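J.: For reference, this is run_9.txt, and it has compact mmCIF, N, CA and C atoms.
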```
# COMPACT_ATOMS: atom_id res chain seq x y z
N TYR Q 1 170.43 76.25 74.86
CA TYR Q 1 170.83 74.93 75.29
C TYR Q 1 171.45 74.21 74.11
N VAL Q 2 172.54 73.52 74.34
CA VAL Q 2 173.22 72.77 73.28
C VAL Q 2 173.14 71.29 73.61
N ASN Q 3 172.64 70.51 72.66
CA ASN Q 3 172.56 69.06 72.82
C ASN Q 3 173.20 68.39 71.61
N SER Q 4 173.76 67.20 71.83
CA SER Q 4 174.34 66.47 70.70
C SER Q 4 173.99 64.99 70.77
N ASN Q 5 173.88 64.41 69.59
CA ASN Q 5 173.65 62.98 69.40
C ASN Q 5 172.47 62.43 70.19
N ARG Q 6 171.39 63.16 70.20
CA ARG Q 6 170.16 62.66 70.82
C ARG Q 6 169.17 62.31 69.72
N GLU Q 7 168.25 61.45 70.05
CA GLU Q 7 167.25 61.05 69.07
C GLU Q 7 166.23 62.16 68.85
N SER Q 8 165.88 62.34 67.59
CA SER Q 8 164.83 63.28 67.21
C SER Q 8 164.34 62.86 65.83
N GLY Q 9 163.05 62.77 65.65
CA GLY Q 9 162.53 62.34 64.37
C GLY Q 9 162.90 60.90 64.10
N LEU Q 10 163.57 60.65 62.98
CA LEU Q 10 163.90 59.29 62.56
C LEU Q 10 165.36 58.95 62.74
N GLY Q 11 166.07 59.69 63.57
CA GLY Q 11 167.49 59.40 63.74
C GLY Q 11 168.10 60.20 64.86
N ARG Q 12 169.41 60.42 64.76
CA ARG Q 12 170.15 61.19 65.76
C ARG Q 12 170.85 62.36 65.06
N TYR Q 13 170.56 63.55 65.51
CA TYR Q 13 171.21 64.75 64.97
C TYR Q 13 172.62 64.86 65.56
N ASP Q 14 173.46 65.68 64.93
CA ASP Q 14 174.80 65.92 65.47
C ASP Q 14 174.74 66.96 66.59
N VAL Q 15 174.19 68.15 66.30
CA VAL Q 15 174.10 69.19 67.32
C VAL Q 15 172.82 69.99 67.12
N ILE Q 16 172.13 70.27 68.22
CA ILE Q 16 170.99 71.19 68.21
C ILE Q 16 171.29 72.30 69.20
N ILE Q 17 171.04 73.53 68.77
CA ILE Q 17 171.15 74.69 69.66
C ILE Q 17 169.74 75.22 69.85
N GLU Q 18 169.24 75.06 71.07
CA GLU Q 18 167.87 75.45 71.38
C GLU Q 18 167.88 76.76 72.17
N PRO Q 19 167.15 77.76 71.69
CA PRO Q 19 167.12 79.03 72.42
C PRO Q 19 166.33 78.92 73.72
N LYS Q 20 166.73 79.69 74.71
CA LYS Q 20 165.98 79.71 75.98
C LYS Q 20 164.62 80.37 75.76
N ASN Q 21 164.59 81.39 74.91
CA ASN Q 21 163.35 82.08 74.55
C ASN Q 21 162.82 81.45 73.26
N LYS Q 22 161.65 80.88 73.32
CA LYS Q 22 161.08 80.17 72.16
C LYS Q 22 160.83 81.06 70.95
N ASN Q 23 160.87 82.38 71.13
CA ASN Q 23 160.70 83.30 70.01
C ASN Q 23 161.99 83.51 69.23
N ASN Q 24 163.11 83.03 69.76
CA ASN Q 24 164.40 83.16 69.07
C ASN Q 24 164.64 81.96 68.17
N ARG Q 25 165.67 82.07 67.36
CA ARG Q 25 166.00 81.05 66.37
C ARG Q 25 166.70 79.85 67.01
N GLY Q 26 166.35 78.65 66.51
CA GLY Q 26 167.04 77.42 66.88
C GLY Q 26 167.89 76.96 65.71
N TYR Q 27 168.89 76.15 65.98
CA TYR Q 27 169.82 75.69 64.93
C TYR Q 27 170.00 74.18 65.03
N ILE Q 28 170.06 73.56 63.86
CA ILE Q 28 170.39 72.13 63.79
C ILE Q 28 171.62 72.01 62.89
N LEU Q 29 172.67 71.40 63.42
CA LEU Q 29 173.92 71.25 62.68
C LEU Q 29 174.18 69.78 62.39
N GLU Q 30 174.55 69.50 61.15
CA GLU Q 30 174.92 68.14 60.74
C GLU Q 30 176.30 68.22 60.10
N PHE Q 31 177.20 67.36 60.55
CA PHE Q 31 178.59 67.38 60.09
C PHE Q 31 178.89 66.18 59.20
N LYS Q 32 179.71 66.40 58.19
CA LYS Q 32 180.16 65.34 57.29
C LYS Q 32 181.67 65.48 57.07
N VAL Q 33 182.35 64.37 56.97
CA VAL Q 33 183.78 64.36 56.63
C VAL Q 33 183.91 63.73 55.26
N VAL Q 34 184.64 64.40 54.36
CA VAL Q 34 184.80 63.89 53.00
C VAL Q 34 186.24 63.47 52.75
N LYS Q 35 186.43 62.59 51.78
CA LYS Q 35 187.77 62.10 51.45
C LYS Q 35 188.40 62.85 50.30
N ASP Q 36 187.59 63.71 49.64
CA ASP Q 36 188.08 64.47 48.49
C ASP Q 36 187.52 65.89 48.57
N GLU Q 37 188.37 66.86 48.41
CA GLU Q 37 187.97 68.26 48.55
C GLU Q 37 186.84 68.64 47.60
N LYS Q 38 186.77 68.03 46.44
CA LYS Q 38 185.73 68.37 45.47
C LYS Q 38 184.33 67.94 45.93
N ASP Q 39 184.25 67.10 46.97
CA ASP Q 39 182.96 66.64 47.48
C ASP Q 39 182.38 67.53 48.58
N LEU Q 40 183.09 68.60 48.95
CA LEU Q 40 182.65 69.45 50.05
C LEU Q 40 181.27 70.05 49.82
N GLU Q 41 181.07 70.66 48.68
CA GLU Q 41 179.79 71.31 48.37
C GLU Q 41 178.63 70.31 48.42
N LYS Q 42 178.81 69.20 47.74
CA LYS Q 42 177.77 68.17 47.66
C LYS Q 42 177.44 67.63 49.06
N SER Q 43 178.45 67.34 49.85
CA SER Q 43 178.23 66.76 51.17
C SER Q 43 177.57 67.73 52.13
N SER Q 44 177.92 69.02 52.04
CA SER Q 44 177.28 69.99 52.93
C SER Q 44 175.79 70.13 52.59
N LYS Q 45 175.45 70.02 51.32
CA LYS Q 45 174.03 70.05 50.92
C LYS Q 45 173.32 68.76 51.33
N GLU Q 46 174.02 67.63 51.22
CA GLU Q 46 173.44 66.35 51.64
C GLU Q 46 173.16 66.35 53.14
N ALA Q 47 173.98 67.04 53.92
CA ALA Q 47 173.77 67.12 55.36
C ALA Q 47 172.44 67.81 55.66
N ILE Q 48 172.13 68.87 54.91
CA ILE Q 48 170.85 69.56 55.09
C ILE Q 48 169.70 68.64 54.69
N GLU Q 49 169.86 67.92 53.59
CA GLU Q 49 168.83 66.97 53.16
C GLU Q 49 168.59 65.91 54.23
N GLN Q 50 169.66 65.47 54.87
CA GLN Q 50 169.54 64.46 55.94
C GLN Q 50 168.73 65.02 57.11
N ILE Q 51 168.97 66.27 57.47
CA ILE Q 51 168.21 66.91 58.55
C ILE Q 51 166.72 66.90 58.21
N ILE Q 52 166.41 67.24 56.97
CA ILE Q 52 165.01 67.29 56.52
C ILE Q 52 164.40 65.89 56.44
N ASP Q 53 165.11 64.97 55.77
CA ASP Q 53 164.59 63.62 55.56
C ASP Q 53 164.35 62.87 56.87
N LYS Q 54 165.25 63.06 57.83
CA LYS Q 54 165.13 62.33 59.09
C LYS Q 54 164.38 63.12 60.16
N LYS Q 55 163.88 64.29 59.76
CA LYS Q 55 163.02 65.11 60.63
C LYS Q 55 163.67 65.43 61.97
N TYR Q 56 164.92 65.86 61.93
CA TYR Q 56 165.63 66.22 63.15
C TYR Q 56 165.03 67.44 63.83
N ASP Q 57 164.20 68.19 63.12
CA ASP Q 57 163.58 69.39 63.71
C ASP Q 57 162.41 69.07 64.63
N THR Q 58 162.03 67.81 64.73
CA THR Q 58 160.88 67.40 65.54
C THR Q 58 160.99 67.88 66.98
N GLN Q 59 162.14 67.70 67.59
CA GLN Q 59 162.32 68.08 69.00
C GLN Q 59 162.11 69.58 69.20
N LEU Q 60 162.69 70.40 68.32
CA LEU Q 60 162.52 71.85 68.46
C LEU Q 60 161.07 72.27 68.24
N LYS Q 61 160.44 71.69 67.24
CA LYS Q 61 159.04 72.03 66.95
C LYS Q 61 158.13 71.64 68.11
N GLU Q 62 158.39 70.49 68.73
CA GLU Q 62 157.58 70.06 69.87
C GLU Q 62 157.71 71.03 71.04
N ARG Q 63 158.82 71.72 71.13
CA ARG Q 63 159.05 72.68 72.22
C ARG Q 63 158.59 74.09 71.85
N GLY Q 64 157.95 74.23 70.68
CA GLY Q 64 157.36 75.51 70.31
C GLY Q 64 158.28 76.45 69.56
N ILE Q 65 159.41 75.96 69.08
CA ILE Q 65 160.34 76.81 68.34
C ILE Q 65 159.99 76.72 66.86
N LYS Q 66 159.67 77.87 66.28
CA LYS Q 66 159.21 77.90 64.89
C LYS Q 66 160.29 78.33 63.91
N ASP Q 67 161.22 79.16 64.37
CA ASP Q 67 162.28 79.69 63.51
C ASP Q 67 163.51 78.81 63.68
N ILE Q 68 163.76 77.93 62.67
CA ILE Q 68 164.85 76.95 62.77
C ILE Q 68 165.73 77.06 61.53
N THR Q 69 167.04 77.18 61.75
CA THR Q 69 168.01 77.20 60.66
C THR Q 69 168.72 75.86 60.61
N LEU Q 70 168.77 75.27 59.41
CA LEU Q 70 169.45 73.99 59.20
C LEU Q 70 170.84 74.29 58.63
N ILE Q 71 171.87 73.69 59.23
CA ILE Q 71 173.24 73.97 58.80
C ILE Q 71 173.95 72.66 58.48
N GLY Q 72 174.47 72.56 57.27
CA GLY Q 72 175.26 71.40 56.85
C GLY Q 72 176.71 71.82 56.73
N ILE Q 73 177.59 71.10 57.41
CA ILE Q 73 179.01 71.44 57.42
C ILE Q 73 179.81 70.22 56.96
N ALA Q 74 180.60 70.40 55.92
CA ALA Q 74 181.45 69.32 55.41
C ALA Q 74 182.92 69.69 55.63
N PHE Q 75 183.71 68.71 56.07
CA PHE Q 75 185.13 68.91 56.36
C PHE Q 75 186.00 68.09 55.43
N PHE Q 76 187.09 68.70 54.99
CA PHE Q 76 188.18 67.97 54.34
C PHE Q 76 189.45 68.50 55.00
N GLY Q 77 189.92 67.79 56.02
CA GLY Q 77 191.03 68.31 56.81
C GLY Q 77 190.61 69.60 57.49
N LYS Q 78 191.35 70.68 57.23
CA LYS Q 78 191.03 71.98 57.81
C LYS Q 78 190.18 72.85 56.89
N ILE Q 79 189.82 72.31 55.75
CA ILE Q 79 188.99 73.04 54.78
C ILE Q 79 187.54 72.64 55.04
N ILE Q 80 186.66 73.64 55.11
CA ILE Q 80 185.26 73.36 55.35
C ILE Q 80 184.36 74.06 54.32
N LYS Q 81 183.17 73.52 54.18
CA LYS Q 81 182.12 74.14 53.37
C LYS Q 81 180.86 74.12 54.20
N VAL Q 82 180.21 75.27 54.31
CA VAL Q 82 178.99 75.39 55.10
C VAL Q 82 177.84 75.81 54.19
N ASN Q 83 176.74 75.11 54.31
CA ASN Q 83 175.49 75.49 53.64
C ASN Q 83 174.42 75.60 54.71
N TYR Q 84 173.44 76.44 54.46
CA TYR Q 84 172.36 76.58 55.44
C TYR Q 84 171.05 76.83 54.75
N GLN Q 85 169.99 76.58 55.48
CA GLN Q 85 168.64 76.77 54.96
C GLN Q 85 167.74 77.21 56.09
```
Write out the structure in this file as structure tokens.
T.:
Amino acid sequence: YVNSNRESGLGRYDVIIEPKNKNNRGYILEFKVVKDEKDLEKSSKEAIEQIIDKKYDTQLKERGIKDITLIGIAFFGKIIKVNYQ
């Protein structure tokens, strides 16, 4: 199941991908747009920190999903940087 911009924890996540089988992996994606290409790395890491700080994983954990990957994606035009945890 794919959901976007719903409340979870202390804020609103960008995208959550929830597996139908609770034994499979869930994903939380946070997107950032930067004004300078050199900020891509920093912003993609900050996106992951935001997921952790605002506890966006609350919804998945409440539904019994234990294996969760956090993904931070930063954009500068068509150039992207992805970090995950």
J.: Give the strand (DSSP E) residues of chain Q, as DSSP finds them on the backbone, and put them as a PyMOL selection string.
T.: chain Q and resi 2-4+7-8+11-12+15-17+26-33+68-76+79-84
J.: Between atom N of Q:Ile80 and atom C of Q:Glu30, what distance in Å does the model show, to one decimal?
T.: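 For atom N of Q:Ile80 relative to atom C of Q:Glu30, the distance reads 12.7 Å.
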J.: I need the residues in chain Q that are alpha helix (DSSP H) according to DSSP; give them as a list of chain:residue names.
T.: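 Residues meeting the alpha helix (DSSP H) criterion: Q:Leu40, Q:Glu41, Q:Lys42, Q:Ser43, Q:Ser44, Q:Lys45, Q:Glu46, Q:Ala47, Q:Ile48, Q:Glu49, Q:Gln50, Q:Ile51, Q:Ile52, Q:Asp53, Q:Thr58, Q:Gln59, Q:Leu60, Q:Lys61, Q:Glu62.
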J.: Tell me which of Q:Val33, Q:Ile73, Q:Leu10, Q:Val15 sits closest to Q:Tyr56, counting all atoms listed in the file.
T.: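 That would be Q:Leu10, the residue with the smallest distance to Q:Tyr56.
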J.: I'd like the interatomic distance between atom CA of Q:Glu46 and atom CA of Q:Leu60, to a tenth of an Å.
T.: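 Straight-line distance from atom CA of Q:Glu46 to atom CA of Q:Leu60 works out to 20.8 Å.
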J.: Mind checking which residues fall within 10 Å of stretch 47-52 of chain Q, counting only C-alpha atoms, ignoring those fewer than 2 positions away in the same chain, and posting them as an MDAnalysis selection string?
T.: chainID Q and resid 8:14 28:32 42:45 54:58 69:74 82:85
J.: Atom C of Q:Arg25 and atom C of Q:Phe75, how far apart in Å?
T.: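 If I compute the distance from atom C of Q:Phe75 to atom C of Q:Arg25, I get 25.4 Å.
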